[in-house]
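What follows is the content of target.cif (mmCIF, C-alpha atoms).
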```cif
data_data
loop_
_atom_site.group_PDB
_atom_site.id
_atom_site.type_symbol
_atom_site.label_atom_id
_atom_site.label_comp_id
_atom_site.auth_asym_id
_atom_site.auth_seq_id
_atom_site.Cartn_x
_atom_site.Cartn_y
_atom_site.Cartn_z
ATOM 1 C CA MET A 1 28.387 1.075 32.831
ATOM 2 C CA THR A 2 24.758 2.201 32.607
ATOM 3 C CA GLU A 3 22.911 1.861 29.306
ATOM 4 C CA ARG A 4 22.880 5.641 28.860
ATOM 5 C CA ASN A 5 26.633 5.902 29.486
ATOM 6 C CA ARG A 6 27.243 3.010 27.079
ATOM 7 C CA ASP A 7 25.188 4.716 24.364
ATOM 8 C CA HIS A 8 27.072 7.981 24.924
ATOM 9 C CA HIS A 9 30.381 6.075 24.759
ATOM 10 C CA HIS A 10 29.326 4.422 21.471
ATOM 11 C CA VAL A 11 28.219 7.733 19.941
ATOM 12 C CA HIS A 12 31.652 9.235 20.663
ATOM 13 C CA ALA A 13 33.299 6.097 19.282
ATOM 14 C CA TYR A 14 31.230 6.492 16.080
ATOM 15 C CA GLU A 15 32.522 10.056 15.739
ATOM 16 C CA ARG A 16 36.158 9.040 16.384
ATOM 17 C CA MET A 17 35.852 6.167 13.922
ATOM 18 C CA LEU A 18 34.404 8.540 11.298
ATOM 19 C CA ASP A 19 37.363 10.858 11.796
ATOM 20 C CA ARG A 20 39.812 7.973 11.364
ATOM 21 C CA LEU A 21 37.857 6.612 8.397
ATOM 22 C CA ARG A 22 38.348 9.831 6.492
ATOM 23 C CA SER A 23 42.125 9.492 6.815
ATOM 24 C CA ALA A 24 42.138 5.754 6.109
ATOM 25 C CA MET A 25 40.142 6.204 2.906
ATOM 26 C CA GLU A 26 42.983 8.194 1.407
ATOM 27 C CA HIS A 27 44.761 4.845 0.984
ATOM 28 C CA ALA A 28 41.958 2.273 0.704
ATOM 29 C CA GLY A 29 38.339 1.673 -0.178
ATOM 30 C CA LEU A 30 35.555 1.880 2.376
ATOM 31 C CA ARG A 31 35.513 -1.714 3.601
ATOM 32 C CA GLU A 32 39.290 -2.045 3.912
ATOM 33 C CA ALA A 33 39.568 1.376 5.565
ATOM 34 C CA LEU A 34 36.739 0.534 7.956
ATOM 35 C CA ASP A 35 38.442 -2.729 8.946
ATOM 36 C CA THR A 36 41.607 -0.739 9.702
ATOM 37 C CA VAL A 37 39.644 1.786 11.754
ATOM 38 C CA LYS A 38 37.829 -0.899 13.753
ATOM 39 C CA GLU A 39 41.123 -2.660 14.498
ATOM 40 C CA ARG A 40 42.730 0.614 15.613
ATOM 41 C CA THR A 41 39.764 1.366 17.888
ATOM 42 C CA VAL A 42 40.206 -2.026 19.568
ATOM 43 C CA GLU A 43 44.001 -1.623 19.809
ATOM 44 C CA LEU A 44 43.552 1.724 21.569
ATOM 45 C CA GLY A 45 41.172 0.099 24.040
ATOM 46 C CA GLU A 46 38.333 2.458 23.123
ATOM 47 C CA LEU A 47 35.911 -0.386 22.359
ATOM 48 C CA THR A 48 35.847 -4.148 22.578
ATOM 49 C CA ARG A 49 36.058 -6.011 19.279
ATOM 50 C CA GLU A 50 32.316 -6.722 19.431
ATOM 51 C CA GLU A 51 31.524 -3.052 20.107
ATOM 52 C CA ALA A 52 33.839 -1.907 17.299
ATOM 53 C CA GLU A 53 32.103 -4.288 14.876
ATOM 54 C CA ARG A 54 28.692 -2.999 15.940
ATOM 55 C CA VAL A 55 29.583 0.706 15.795
ATOM 56 C CA GLY A 56 31.536 0.157 12.564
ATOM 57 C CA GLY A 57 28.427 -1.458 11.082
ATOM 58 C CA PHE A 58 26.394 1.649 11.910
ATOM 59 C CA LEU A 59 29.036 3.865 10.331
ATOM 60 C CA GLN A 60 29.236 1.708 7.194
ATOM 61 C CA ARG A 61 25.420 1.703 6.854
ATOM 62 C CA ASP A 62 25.259 5.502 7.068
ATOM 63 C CA VAL A 63 28.130 6.159 4.663
ATOM 64 C CA GLU A 64 26.898 3.639 2.084
ATOM 65 C CA ASP A 65 23.331 4.934 2.334
ATOM 66 C CA ALA A 66 24.489 8.541 1.799
ATOM 67 C CA ALA A 67 26.694 7.490 -1.113
ATOM 68 C CA ARG A 68 23.870 5.448 -2.677
ATOM 69 C CA TYR A 69 21.517 8.426 -2.349
ATOM 70 C CA SER A 70 24.026 10.779 -3.933
ATOM 71 C CA ALA A 71 24.797 8.337 -6.756
ATOM 72 C CA THR A 72 21.166 7.533 -7.622
ATOM 73 C CA THR A 73 19.634 11.027 -7.403
ATOM 74 C CA ASP A 74 20.506 14.405 -8.802
ATOM 75 C CA GLU A 75 20.656 15.846 -5.292
ATOM 76 C CA ASP A 76 23.596 16.442 -3.019
ATOM 77 C CA LEU A 77 23.708 15.194 0.561
ATOM 78 C CA ARG A 78 21.411 17.980 1.789
ATOM 79 C CA GLY A 79 18.506 15.916 0.447
ATOM 80 C CA TRP A 80 19.730 12.807 2.262
ATOM 81 C CA LEU A 81 20.141 14.723 5.504
ATOM 82 C CA ARG A 82 16.725 16.326 5.035
ATOM 83 C CA MET A 83 17.798 19.301 7.072
ATOM 84 C CA ASP A 84 19.632 22.562 6.738
ATOM 85 C CA LEU A 85 23.388 22.057 6.752
ATOM 86 C CA GLN A 86 23.635 24.899 9.271
ATOM 87 C CA LEU A 87 22.166 22.529 11.865
ATOM 88 C CA VAL A 88 24.873 19.915 11.390
ATOM 89 C CA GLU A 89 28.070 20.460 13.315
ATOM 90 C CA ASN A 90 30.765 21.590 10.881
ATOM 91 C CA TRP A 91 33.444 19.118 11.955
ATOM 92 C CA ILE A 92 31.216 16.059 11.553
ATOM 93 C CA TRP A 93 29.843 17.314 8.234
ATOM 94 C CA ASP A 94 33.375 17.789 6.829
ATOM 95 C CA ARG A 95 34.366 14.262 7.744
ATOM 96 C CA PHE A 96 31.094 12.595 6.810
ATOM 97 C CA SER A 97 30.751 14.304 3.434
ATOM 98 C CA SER A 98 34.337 13.541 2.395
ATOM 99 C CA VAL A 99 33.922 9.853 3.276
ATOM 100 C CA ALA A 100 30.524 9.726 1.556
ATOM 101 C CA ASP A 101 31.970 11.357 -1.576
ATOM 102 C CA LYS A 102 34.717 8.743 -1.819
ATOM 103 C CA THR A 103 32.198 5.998 -1.154
ATOM 104 C CA ARG A 104 29.926 7.497 -3.814
ATOM 105 C CA LEU A 105 32.656 6.828 -6.378
ATOM 106 C CA GLU A 106 32.865 3.227 -5.152
ATOM 107 C CA TRP A 107 29.080 2.981 -5.326
ATOM 108 C CA LEU A 108 29.018 4.298 -8.905
ATOM 109 C CA ALA A 109 31.564 1.681 -9.941
ATOM 110 C CA LEU A 110 29.593 -1.051 -8.190
ATOM 111 C CA GLN A 111 26.336 0.197 -9.676
ATOM 112 C CA GLN A 112 27.730 -0.348 -13.185
ATOM 113 C CA GLU A 113 28.366 -3.995 -12.269
ATOM 114 C CA LEU A 114 24.957 -4.664 -10.719
ATOM 115 C CA GLN A 115 22.774 -6.999 -12.750
ATOM 116 C CA GLN A 116 19.676 -6.953 -10.564
ATOM 117 C CA HIS A 117 17.616 -3.764 -10.436
ATOM 118 C CA GLU A 118 16.203 -4.529 -6.989
ATOM 119 C CA LEU A 119 19.650 -4.394 -5.352
ATOM 120 C CA GLN A 120 19.804 -0.719 -6.319
ATOM 121 C CA GLN A 121 16.447 -0.034 -4.688
ATOM 122 C CA GLN A 122 17.085 -1.561 -1.264
ATOM 123 C CA THR A 123 16.736 0.966 1.508
ATOM 124 C CA PRO A 124 18.551 0.121 4.723
ATOM 125 C CA LYS A 125 16.552 0.029 7.908
ATOM 126 C CA TYR A 126 17.561 1.740 11.106
ATOM 127 C CA TYR A 127 16.530 0.332 14.475
ATOM 128 C CA SER A 128 16.105 1.883 17.914
ATOM 129 C CA GLY A 129 19.173 1.189 20.010
ATOM 130 C CA GLU A 130 21.487 1.671 17.021
ATOM 131 C CA ILE A 131 23.595 4.756 16.359
ATOM 132 C CA ALA A 132 22.964 6.956 13.340
ATOM 133 C CA GLY A 133 24.923 9.796 11.828
ATOM 134 C CA PRO A 134 23.461 13.214 11.035
ATOM 135 C CA GLY A 135 20.207 13.436 9.101
ATOM 136 C CA SER A 136 16.536 12.620 9.484
ATOM 137 C CA LEU A 137 14.875 9.259 10.026
ATOM 138 C CA SER A 138 11.211 8.440 9.448
ATOM 139 C CA CYS A 139 9.351 5.927 11.611
ATOM 140 C CA ASN A 140 8.167 3.007 9.467
ATOM 141 C CA ASP A 141 4.952 2.741 11.492
ATOM 142 C CA CYS A 142 3.675 6.323 11.728
ATOM 143 C CA GLY A 143 6.040 8.488 9.633
ATOM 144 C CA GLU A 144 7.228 10.623 12.578
ATOM 145 C CA ILE A 145 10.517 12.320 11.675
ATOM 146 C CA SER A 146 13.488 12.260 14.071
ATOM 147 C CA HIS A 147 16.347 14.673 13.330
ATOM 148 C CA PHE A 148 20.010 14.076 14.149
ATOM 149 C CA THR A 149 22.325 17.096 13.950
ATOM 150 C CA GLN A 150 25.194 14.855 15.040
ATOM 151 C CA ALA A 151 25.708 11.159 15.665
ATOM 152 C CA GLY A 152 23.248 9.851 18.225
ATOM 153 C CA CYS A 153 21.441 6.825 19.593
ATOM 154 C CA ILE A 154 18.145 6.043 17.850
ATOM 155 C CA LEU A 155 15.306 5.984 20.351
ATOM 156 C CA ALA A 156 11.873 4.414 20.025
ATOM 157 C CA CYS A 157 9.465 6.648 18.105
ATOM 158 C CA PRO A 158 8.116 9.342 20.438
ATOM 159 C CA ARG A 159 4.714 9.224 18.723
ATOM 160 C CA CYS A 160 3.968 5.494 18.415
ATOM 161 C CA GLY A 161 6.836 3.668 20.135
ATOM 162 C CA GLY A 162 7.967 2.095 16.838
ATOM 163 C CA SER A 163 11.510 0.810 16.596
ATOM 164 C CA VAL A 164 12.142 0.613 12.830
ATOM 165 C CA TYR A 165 13.128 3.663 10.763
ATOM 166 C CA ARG A 166 14.336 4.557 7.290
ATOM 167 C CA ARG A 167 16.008 7.701 5.993
ATOM 168 C CA ALA A 168 13.331 10.345 5.582
ATOM 169 C CA PRO A 169 12.634 11.271 1.977
ATOM 170 C CA ALA A 170 13.893 14.628 0.753
ATOM 171 C CA ARG A 171 11.619 17.606 1.321
ATOM 172 C CA GLU A 172 9.291 18.346 -1.493
#
```

Can you dump the structure from the file as structure tokens?
Amino acid sequence: MTERNRDHHHVHAYERMLDRLRSAMEHAGLREALDTVKERTVELGELTREEAERVGGFLQRDVEDAARYSATTDEDLRGWLRMDLQLVENWIWDRFSSVADKTRLEWLALQQELQQHELQQQTPKYYSGEIAGPGSLSCNDCGEISHFTQAGCILACPRCGGSVYRRAPARE
């Protein structure tokens, strides 16, 4: 399988796993539901165990980051996406937002238990070669913004070639 085909395969797996995660979270928290989804993906032969762990990690990072944003700001997920919701495909937005909302409740509960302020301020990093859900990423080196209207593979920065990103801050 070529690298491009593999990336395409992983992007579709991310989307299928997100769809399954929404259903699984009706009966469990994020981590338990995600474990169930990863196992199901392997059982169905869609991904190897290693691939399911990797793609599941991307999905968990995105959902937790969106939930953290929603729980620690007064903004809804439009600010986290940093784009007009009209640009995001409806089906992925429905699934992503419902999972993020449930995870937000988990995050709020966890936030009450946190003793160290710096844990609340950690911003996850995104790296080229990984898969990200919808939203905008900002290059750590030059600030170039890359927009994702659906799940996609993160490429090196088109401006500077950088490979490390963070979620772009909300528009001012």

**Message:** Residue by residue, what does the PyMOL selection byres ((chain A and resi 131) around 6) grab here? Present the result as a ChimeraX atom specification.
**Reply:** /A:130,132,152-154

**Request:** Work out how far apart CA of His8 in chain A and CA of Phe58 in chain A are and give it in Å to one decimal.
**Result:**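 Distance reported for this atom pair: 14.5 Å.
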
**Message:** Can you tell me which residues surround Met17 in chain A at a distance of at most 8 Å, considering all atoms listed in the file, apart from same-chain residues fewer than 5 positions away, and format the answer as a PyMOL selection string?
**Reply:** chain A and resi 37-38+41+56

**Prompt:** Could you spell out the hits of the PyMOL selection byres ((chain A and resi 135-148) around 6) on the shown file, as a ChimeraX atom specification?
**Reply:** /A:81-82,134,149-150,164-168

**Prompt:** When distances are computed from all atoms listed in the file, which of A:Glu43, A:Asp101, A:Glu75, A:Glu64 shows the smallest separation from Arg31 in chain A?
**Reply:** A:Glu64

**Prompt:** Using all atoms listed in the file, which of the listed residues (A:Arg20, A:Ala71, A:His10, A:Pro158) sits closest to Glu39 in chain A?
**Reply:**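 Nearest to Glu39 in chain A: A:Arg20.
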
**Message:** Applying the PyMOL selection byres ((chain A and resi 47) around 12) to the file I just gave you, which residues come out? Please list them as a PyMOL selection string.
**Reply:** chain A and resi 6+9-14+16-17+37-46+48-56

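One finds CA of Asp65 in chain A at 7.2 Å from CA of Pro124 in chain A.
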
**Interatomic distance (Å, one decimal) between CA of Asp35 in chain A and CA of Leu21 in chain A** =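 Separating CA of Asp35 in chain A from CA of Leu21 in chain A is a distance of 9.4 Å.
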
Box for range 129-146 of chain A: with edges along x, y and z, all listed atoms inside and 8 Å added on each side, what are the centre and edge lengths in Å to one decimal, as lines of an AutoDock Vina configuration file?
```
center_x = 14.3
center_y = 7.3
center_z = 14.6
size_x = 37.2
size_y = 28.2
size_z = 26.9
```
